[in-house]
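Visitor: Data: entry20.pdb, PDB, C-alpha atoms, pLDDT in the B column.
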```
ATOM      1  CA  MET A   1      20.431  -7.513  -4.691  1.00 87.00           C
ATOM      2  CA  SER A   2      24.006  -6.398  -4.246  1.00 94.00           C
ATOM      3  CA  PRO A   3      25.245  -4.911  -0.954  1.00 95.00           C
ATOM      4  CA  GLY A   4      25.857  -1.609  -2.790  1.00 96.00           C
ATOM      5  CA  THR A   5      22.286  -1.473  -4.084  1.00 97.00           C
ATOM      6  CA  GLY A   6      20.974  -2.246  -0.612  1.00 98.00           C
ATOM      7  CA  ALA A   7      23.109   0.501   0.929  1.00 98.00           C
ATOM      8  CA  ALA A   8      21.916   2.964  -1.725  1.00 98.00           C
ATOM      9  CA  LEU A   9      18.259   2.114  -1.034  1.00 98.00           C
ATOM     10  CA  ARG A  10      18.765   2.507   2.694  1.00 98.00           C
ATOM     11  CA  MET A  11      20.433   5.887   2.197  1.00 98.00           C
ATOM     12  CA  LEU A  12      17.744   7.087  -0.242  1.00 98.00           C
ATOM     13  CA  ALA A  13      14.944   6.088   2.147  1.00 98.00           C
ATOM     14  CA  ALA A  14      16.717   7.912   4.978  1.00 98.00           C
ATOM     15  CA  THR A  15      17.371  10.997   2.849  1.00 97.00           C
ATOM     16  CA  ALA A  16      13.677  11.158   1.941  1.00 97.00           C
ATOM     17  CA  ALA A  17      12.724  10.608   5.617  1.00 97.00           C
ATOM     18  CA  ALA A  18      10.426   7.986   4.094  1.00 98.00           C
ATOM     19  CA  LYS A  19       7.340   7.082   6.064  1.00 98.00           C
ATOM     20  CA  ALA A  20       5.447   5.327   3.244  1.00 98.00           C
ATOM     21  CA  VAL A  21       7.278   3.190   0.679  1.00 98.00           C
ATOM     22  CA  VAL A  22       6.012   0.901  -2.074  1.00 98.00           C
ATOM     23  CA  GLU A  23       8.164  -2.021  -3.128  1.00 98.00           C
ATOM     24  CA  ILE A  24       7.261  -3.763  -6.382  1.00 98.00           C
ATOM     25  CA  GLY A  25       8.711  -7.247  -6.156  1.00 97.00           C
ATOM     26  CA  THR A  26       9.028  -8.544  -2.594  1.00 97.00           C
ATOM     27  CA  GLY A  27      11.491 -11.306  -3.417  1.00 94.00           C
ATOM     28  CA  THR A  28      13.041 -12.813  -0.297  1.00 94.00           C
ATOM     29  CA  GLY A  29      12.812  -9.566   1.662  1.00 97.00           C
ATOM     30  CA  VAL A  30      16.402  -8.370   1.254  1.00 97.00           C
ATOM     31  CA  SER A  31      15.524  -5.073  -0.405  1.00 98.00           C
ATOM     32  CA  GLY A  32      12.638  -4.578   2.030  1.00 98.00           C
ATOM     33  CA  ILE A  33      15.004  -4.916   4.973  1.00 98.00           C
ATOM     34  CA  HIS A  34      17.304  -2.270   3.508  1.00 98.00           C
ATOM     35  CA  LEU A  35      14.354   0.050   2.868  1.00 98.00           C
ATOM     36  CA  LEU A  36      12.950  -0.486   6.385  1.00 98.00           C
ATOM     37  CA  HIS A  37      16.356   0.309   7.924  1.00 98.00           C
ATOM     38  CA  GLY A  38      16.400   3.638   6.081  1.00 98.00           C
ATOM     39  CA  MET A  39      12.777   4.564   6.733  1.00 98.00           C
ATOM     40  CA  ARG A  40      11.459   6.473   9.717  1.00 98.00           C
ATOM     41  CA  PRO A  41      10.736   4.252  12.744  1.00 97.00           C
ATOM     42  CA  ASP A  42       6.996   4.741  12.230  1.00 97.00           C
ATOM     43  CA  GLY A  43       7.216   4.040   8.487  1.00 98.00           C
ATOM     44  CA  VAL A  44       5.313   1.316   6.654  1.00 98.00           C
ATOM     45  CA  LEU A  45       6.590  -0.654   3.674  1.00 98.00           C
ATOM     46  CA  THR A  46       3.879  -1.777   1.248  1.00 98.00           C
ATOM     47  CA  THR A  47       5.271  -4.646  -0.769  1.00 98.00           C
ATOM     48  CA  VAL A  48       3.629  -6.211  -3.826  1.00 98.00           C
ATOM     49  CA  ASP A  49       4.491  -9.585  -5.346  1.00 97.00           C
ATOM     50  CA  THR A  50       2.771 -12.177  -7.510  1.00 96.00           C
ATOM     51  CA  GLU A  51       4.041 -14.999  -5.259  1.00 94.00           C
ATOM     52  CA  PRO A  52       2.447 -15.142  -1.779  1.00 93.00           C
ATOM     53  CA  GLU A  53       5.081 -17.714  -0.730  1.00 94.00           C
ATOM     54  CA  ARG A  54       7.813 -15.125  -1.258  1.00 94.00           C
ATOM     55  CA  GLN A  55       5.895 -12.653   0.852  1.00 95.00           C
ATOM     56  CA  GLN A  56       5.611 -15.185   3.664  1.00 96.00           C
ATOM     57  CA  PHE A  57       9.372 -15.751   3.502  1.00 96.00           C
ATOM     58  CA  ALA A  58       9.962 -11.981   3.498  1.00 97.00           C
ATOM     59  CA  ARG A  59       7.640 -11.561   6.490  1.00 97.00           C
ATOM     60  CA  GLN A  60       9.820 -14.032   8.414  1.00 97.00           C
ATOM     61  CA  ALA A  61      12.978 -12.215   7.278  1.00 97.00           C
ATOM     62  CA  PHE A  62      11.556  -8.867   8.465  1.00 98.00           C
ATOM     63  CA  ARG A  63      10.699 -10.381  11.840  1.00 97.00           C
ATOM     64  CA  ALA A  64      14.185 -11.944  12.127  1.00 98.00           C
ATOM     65  CA  ALA A  65      15.691  -8.512  11.348  1.00 98.00           C
ATOM     66  CA  GLY A  66      13.768  -7.079  14.321  1.00 98.00           C
ATOM     67  CA  PHE A  67      10.928  -5.267  12.553  1.00 98.00           C
ATOM     68  CA  ALA A  68       7.439  -5.329  14.064  1.00 97.00           C
ATOM     69  CA  SER A  69       4.761  -6.966  11.935  1.00 96.00           C
ATOM     70  CA  ASN A  70       2.939  -3.634  11.476  1.00 97.00           C
ATOM     71  CA  ARG A  71       5.946  -2.173   9.609  1.00 98.00           C
ATOM     72  CA  ALA A  72       5.187  -4.140   6.421  1.00 98.00           C
ATOM     73  CA  ARG A  73       1.968  -4.540   4.475  1.00 98.00           C
ATOM     74  CA  MET A  74       2.041  -7.445   2.029  1.00 97.00           C
ATOM     75  CA  ILE A  75      -0.240  -7.323  -1.002  1.00 97.00           C
ATOM     76  CA  PRO A  76      -0.233 -10.356  -3.277  1.00 97.00           C
ATOM     77  CA  GLY A  77      -0.890  -9.723  -6.947  1.00 97.00           C
ATOM     78  CA  ARG A  78       0.456  -8.338 -10.166  1.00 96.00           C
ATOM     79  CA  ALA A  79       1.850  -4.823  -9.674  1.00 97.00           C
ATOM     80  CA  LEU A  80      -0.141  -3.247 -12.482  1.00 97.00           C
ATOM     81  CA  ASP A  81      -3.351  -4.614 -10.925  1.00 97.00           C
ATOM     82  CA  VAL A  82      -2.460  -3.560  -7.352  1.00 98.00           C
ATOM     83  CA  LEU A  83      -0.849  -0.129  -7.836  1.00 98.00           C
ATOM     84  CA  PRO A  84      -4.006   1.593  -9.160  1.00 97.00           C
ATOM     85  CA  ARG A  85      -5.678   0.815  -5.826  1.00 97.00           C
ATOM     86  CA  LEU A  86      -3.028   2.675  -3.798  1.00 98.00           C
ATOM     87  CA  THR A  87      -3.377   6.315  -2.703  1.00 97.00           C
ATOM     88  CA  ASP A  88      -2.421   9.136  -5.063  1.00 98.00           C
ATOM     89  CA  SER A  89       0.547  11.195  -3.786  1.00 98.00           C
ATOM     90  CA  GLY A  90       0.647   9.043  -0.648  1.00 98.00           C
ATOM     91  CA  TYR A  91       4.186   7.667  -0.880  1.00 98.00           C
ATOM     92  CA  ASP A  92       7.708   8.948  -0.367  1.00 98.00           C
ATOM     93  CA  LEU A  93       9.540   6.288  -2.366  1.00 98.00           C
ATOM     94  CA  VAL A  94       8.652   3.581  -4.897  1.00 98.00           C
ATOM     95  CA  PHE A  95      11.191   0.824  -5.545  1.00 98.00           C
ATOM     96  CA  CYS A  96      10.712  -1.472  -8.525  1.00 98.00           C
ATOM     97  CA  ASP A  97      12.495  -4.813  -8.821  1.00 97.00           C
ATOM     98  CA  ALA A  98      10.051  -6.972 -10.741  1.00 94.00           C
ATOM     99  CA  ASP A  99       9.151  -7.703 -14.370  1.00 94.00           C
ATOM    100  CA  ARG A 100      11.436  -5.387 -16.338  1.00 94.00           C
ATOM    101  CA  THR A 101       9.118  -5.403 -19.342  1.00 94.00           C
ATOM    102  CA  GLU A 102       6.577  -3.606 -17.109  1.00 96.00           C
ATOM    103  CA  TYR A 103       8.969  -0.967 -15.744  1.00 97.00           C
ATOM    104  CA  LEU A 104       7.680   1.794 -18.025  1.00 96.00           C
ATOM    105  CA  ASP A 105       4.079   1.113 -16.954  1.00 96.00           C
ATOM    106  CA  CYS A 106       5.227   1.005 -13.322  1.00 97.00           C
ATOM    107  CA  LEU A 107       6.827   4.436 -13.830  1.00 98.00           C
ATOM    108  CA  ASP A 108       3.442   5.897 -14.773  1.00 96.00           C
ATOM    109  CA  GLU A 109       1.822   4.414 -11.669  1.00 97.00           C
ATOM    110  CA  SER A 110       4.764   5.442  -9.476  1.00 97.00           C
ATOM    111  CA  LEU A 111       4.487   9.084 -10.525  1.00 97.00           C
ATOM    112  CA  ARG A 112       0.840   9.048  -9.505  1.00 97.00           C
ATOM    113  CA  LEU A 113       1.693   7.462  -6.145  1.00 98.00           C
ATOM    114  CA  LEU A 114       4.599   9.761  -5.260  1.00 98.00           C
ATOM    115  CA  ARG A 115       4.337  13.030  -3.405  1.00 97.00           C
ATOM    116  CA  PRO A 116       6.313  15.927  -4.888  1.00 97.00           C
ATOM    117  CA  GLY A 117       9.920  15.362  -3.831  1.00 97.00           C
ATOM    118  CA  GLY A 118       9.390  11.599  -3.691  1.00 98.00           C
ATOM    119  CA  LEU A 119      11.769   9.105  -5.281  1.00 98.00           C
ATOM    120  CA  VAL A 120      11.264   6.308  -7.785  1.00 98.00           C
ATOM    121  CA  CYS A 121      14.002   3.679  -8.240  1.00 98.00           C
ATOM    122  CA  PHE A 122      14.385   0.828 -10.727  1.00 98.00           C
ATOM    123  CA  GLU A 123      16.766  -2.081 -10.075  1.00 97.00           C
ATOM    124  CA  GLY A 124      18.677  -3.951 -12.775  1.00 95.00           C
ATOM    125  CA  VAL A 125      18.692  -1.323 -15.521  1.00 95.00           C
ATOM    126  CA  PHE A 126      22.092  -2.436 -16.821  1.00 93.00           C
ATOM    127  CA  ALA A 127      20.504  -5.838 -17.599  1.00 89.00           C
ATOM    128  CA  ASP A 128      23.882  -7.559 -17.170  1.00 84.00           C
ATOM    129  CA  GLY A 129      25.482  -5.089 -19.573  1.00 80.00           C
ATOM    130  CA  ARG A 130      22.963  -5.655 -22.347  1.00 78.00           C
ATOM    131  CA  THR A 131      21.476  -2.142 -22.280  1.00 80.00           C
ATOM    132  CA  VAL A 132      24.682  -0.785 -23.812  1.00 73.00           C
ATOM    133  CA  GLY A 133      25.138  -3.630 -26.304  1.00 68.00           C
ATOM    134  CA  SER A 134      24.829  -2.732 -29.983  1.00 71.00           C
ATOM    135  CA  GLY A 135      23.428  -5.992 -31.349  1.00 73.00           C
ATOM    136  CA  PRO A 136      19.823  -7.165 -31.419  1.00 76.00           C
ATOM    137  CA  GLN A 137      18.349  -7.148 -27.920  1.00 83.00           C
ATOM    138  CA  PRO A 138      15.409  -8.908 -26.264  1.00 87.00           C
ATOM    139  CA  ALA A 139      12.190  -7.027 -25.465  1.00 89.00           C
ATOM    140  CA  GLU A 140      13.260  -6.623 -21.818  1.00 91.00           C
ATOM    141  CA  VAL A 141      16.340  -4.614 -22.794  1.00 92.00           C
ATOM    142  CA  LEU A 142      14.430  -2.503 -25.306  1.00 92.00           C
ATOM    143  CA  ARG A 143      11.862  -1.654 -22.601  1.00 94.00           C
ATOM    144  CA  ILE A 144      14.611  -0.709 -20.136  1.00 95.00           C
ATOM    145  CA  ARG A 145      16.160   1.583 -22.745  1.00 94.00           C
ATOM    146  CA  GLU A 146      12.740   3.170 -23.288  1.00 96.00           C
ATOM    147  CA  LEU A 147      12.347   3.627 -19.523  1.00 97.00           C
ATOM    148  CA  ALA A 148      15.766   5.297 -19.237  1.00 96.00           C
ATOM    149  CA  ARG A 149      14.994   7.623 -22.157  1.00 96.00           C
ATOM    150  CA  THR A 150      11.587   8.536 -20.700  1.00 98.00           C
ATOM    151  CA  VAL A 151      13.050   9.287 -17.265  1.00 98.00           C
ATOM    152  CA  ARG A 152      15.926  11.302 -18.760  1.00 97.00           C
ATOM    153  CA  GLU A 153      13.632  13.393 -20.970  1.00 97.00           C
ATOM    154  CA  SER A 154      10.878  13.991 -18.403  1.00 97.00           C
ATOM    155  CA  GLN A 155      10.471  17.567 -17.186  1.00 96.00           C
ATOM    156  CA  ASP A 156       8.812  16.183 -14.033  1.00 96.00           C
ATOM    157  CA  LEU A 157      11.835  14.159 -12.897  1.00 98.00           C
ATOM    158  CA  VAL A 158      15.401  14.768 -11.748  1.00 98.00           C
ATOM    159  CA  PRO A 159      17.188  11.505 -12.661  1.00 98.00           C
ATOM    160  CA  ALA A 160      20.418   9.750 -11.700  1.00 98.00           C
ATOM    161  CA  LEU A 161      21.785   6.383 -12.743  1.00 97.00           C
ATOM    162  CA  LEU A 162      23.691   4.860  -9.837  1.00 97.00           C
ATOM    163  CA  PRO A 163      26.361   2.323 -10.873  1.00 96.00           C
ATOM    164  CA  VAL A 164      25.655  -0.094  -8.008  1.00 97.00           C
ATOM    165  CA  GLY A 165      24.761  -3.739  -8.484  1.00 95.00           C
ATOM    166  CA  ASP A 166      23.181  -4.177 -11.895  1.00 95.00           C
ATOM    167  CA  GLY A 167      22.316  -0.475 -12.133  1.00 96.00           C
ATOM    168  CA  LEU A 168      19.876   1.560 -10.050  1.00 98.00           C
ATOM    169  CA  LEU A 169      17.939   4.194 -11.989  1.00 98.00           C
ATOM    170  CA  CYS A 170      16.540   6.790  -9.575  1.00 98.00           C
ATOM    171  CA  ALA A 171      14.569   9.982 -10.062  1.00 98.00           C
ATOM    172  CA  VAL A 172      13.023  12.619  -7.841  1.00 98.00           C
ATOM    173  CA  ARG A 173       9.541  13.801  -8.732  1.00 97.00           C
ATOM    174  CA  ARG A 174       9.426  17.607  -9.011  1.00 95.00           C
TER     175      ARG A 174
END
```
Kindly transcribe the structure held in the file into structure tokens.
Guide:
Amino acid sequence: MSPGTGAALRMLAATAAAKAVVEIGTGTGVSGIHLLHGMRPDGVLTTVDTEPERQQFARQAFRAAGFASNRARMIPGRALDVLPRLTDSGYDLVFCDADRTEYLDCLDESLRLLRPGGLVCFEGVFADGRTVGSGPQPAEVLRIRELARTVRESQDLVPALLPVGDGLLCAVRR
């Protein structure tokens, strides 16, 4: 995660006065720290990852950054197995930085999870410049293009593509 992407996430969480955020792809906790800094002081980050070891590392990073243990809820598992168990319209922001071939499916789940006015954000949509390339592209890039087209054409979303890091596709749910 680039510093610019982190700053954008922090600002978006603050703008939404986010109290409940879902993060798909815990990683090492960097994005979670940015989200937690932007969230309300009583906010809870729910973070999903297939690797419990990463979540343990992130938990330590959150603690080192000064966040109480009750500010983050770690759920191990595949996002598309975990997200259906989360509360409809119960979240202010959903951030996705995981398997890019699943981004379009994560969009469907995110829209169900978000309250009206909530934000959904997808990291890495430039795919190292490949999304604008004209030659044959791998499935990941084709799926990202499909995601971008779906978000752009949706009547339920107000989208923006932020040119930070490797591209941050964001949209507000109407």
Visitor: Determine the residue set returned by the PyMOL selection byres ((chain A and resi 42-52) around 9) for the present structure, and present it as a ChimeraX atom specification.
Guide: /A:18-27,32,35-36,39-41,53-57,70-79,82-83,98
Visitor: Extract, using all atoms listed in the file, all DNA, RNA and protein residues at most 6 Å from Leu93 (chain A), discarding same-chain residues fewer than 6 positions from it, and format them as a list of chain:residue names.
Guide: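 That gives A:Val21, A:Gly118, A:Leu119, A:Val120.
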Visitor: Can you tell me, as an NGL selection string, what residues are no more than 6 Å from Asp156 (chain A) when counting only C-alpha atoms, ignoring any on the same chain fewer than 2 positions away?
Guide: :A and (154 or 173-174)
Visitor: Please compute the CA of Thr5 (chain A)-CA of Leu162 (chain A) distance, one decimal, in Å.
Guide: 8.7 Å
Visitor: So how many Å separate CA of Asp99 (chain A) and CA of Phe62 (chain A), to one decimal?
Guide: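 Going from CA of Asp99 (chain A) over to CA of Phe62 (chain A) covers 23.0 Å.
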Visitor: Mind pulling up the distance from CA of Gly90 (chain A) to CA of Leu114 (chain A)?
Guide: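 Atom-to-atom, CA of Leu114 (chain A) and CA of Gly90 (chain A) are spaced 6.1 Å apart.
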Visitor: Which of these, A:Leu104, A:Pro3, A:Glu109, A:Cys96, has the shortest distance to Pro84 (chain A) once you count only C-alpha atoms?
Guide: A:Glu109
Visitor: Could you list the residues chosen by the PyMOL selection byres ((chain A and resi 145) around 10) in this structure as a ChimeraX atom specification?
Guide: /A:104,125-126,130-132,139-144,146-151
Visitor: Which of these residues is nearest to Cys121 (chain A), using only C-alpha atoms: A:Pro136, A:Gly29, A:Gly167, A:Gly38?
Guide: A:Gly167
Visitor: Counting only C-alpha atoms, what is within 7 Å of Pro159 (chain A), bar same-chain residues fewer than 5 positions away, as a PyMOL selection string?
Guide: chain A and resi 151-152+170-172
Visitor: Taking all atoms of region 30-47 of chain A that the file lists and extending 6 Å past them on each side, where is the centre of the axis-aligned box and how long are its edges? Answer in Å to one decimal, as lines of an AutoDock Vina configuration file.
Guide:
```
center_x = 10.6
center_y = -0.9
center_z = 6.0
size_x = 25.4
size_y = 26.8
size_z = 25.5
```
Visitor: Pick the closest to Gly165 (chain A) from A:Ser69, A:Ala8, A:Val30, A:Ser110: which is it, counting all atoms listed in the file?
Guide: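 Residue with the minimum atom-to-atom distance to Gly165 (chain A): A:Ala8.
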Visitor: Counting only C-alpha atoms, which residue out of A:Asp166, A:Glu102, A:Asp97, A:Asp92 sits closest to Ala14 (chain A)?
Guide: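 Closest residue, counting only C-alpha atoms: A:Asp92.
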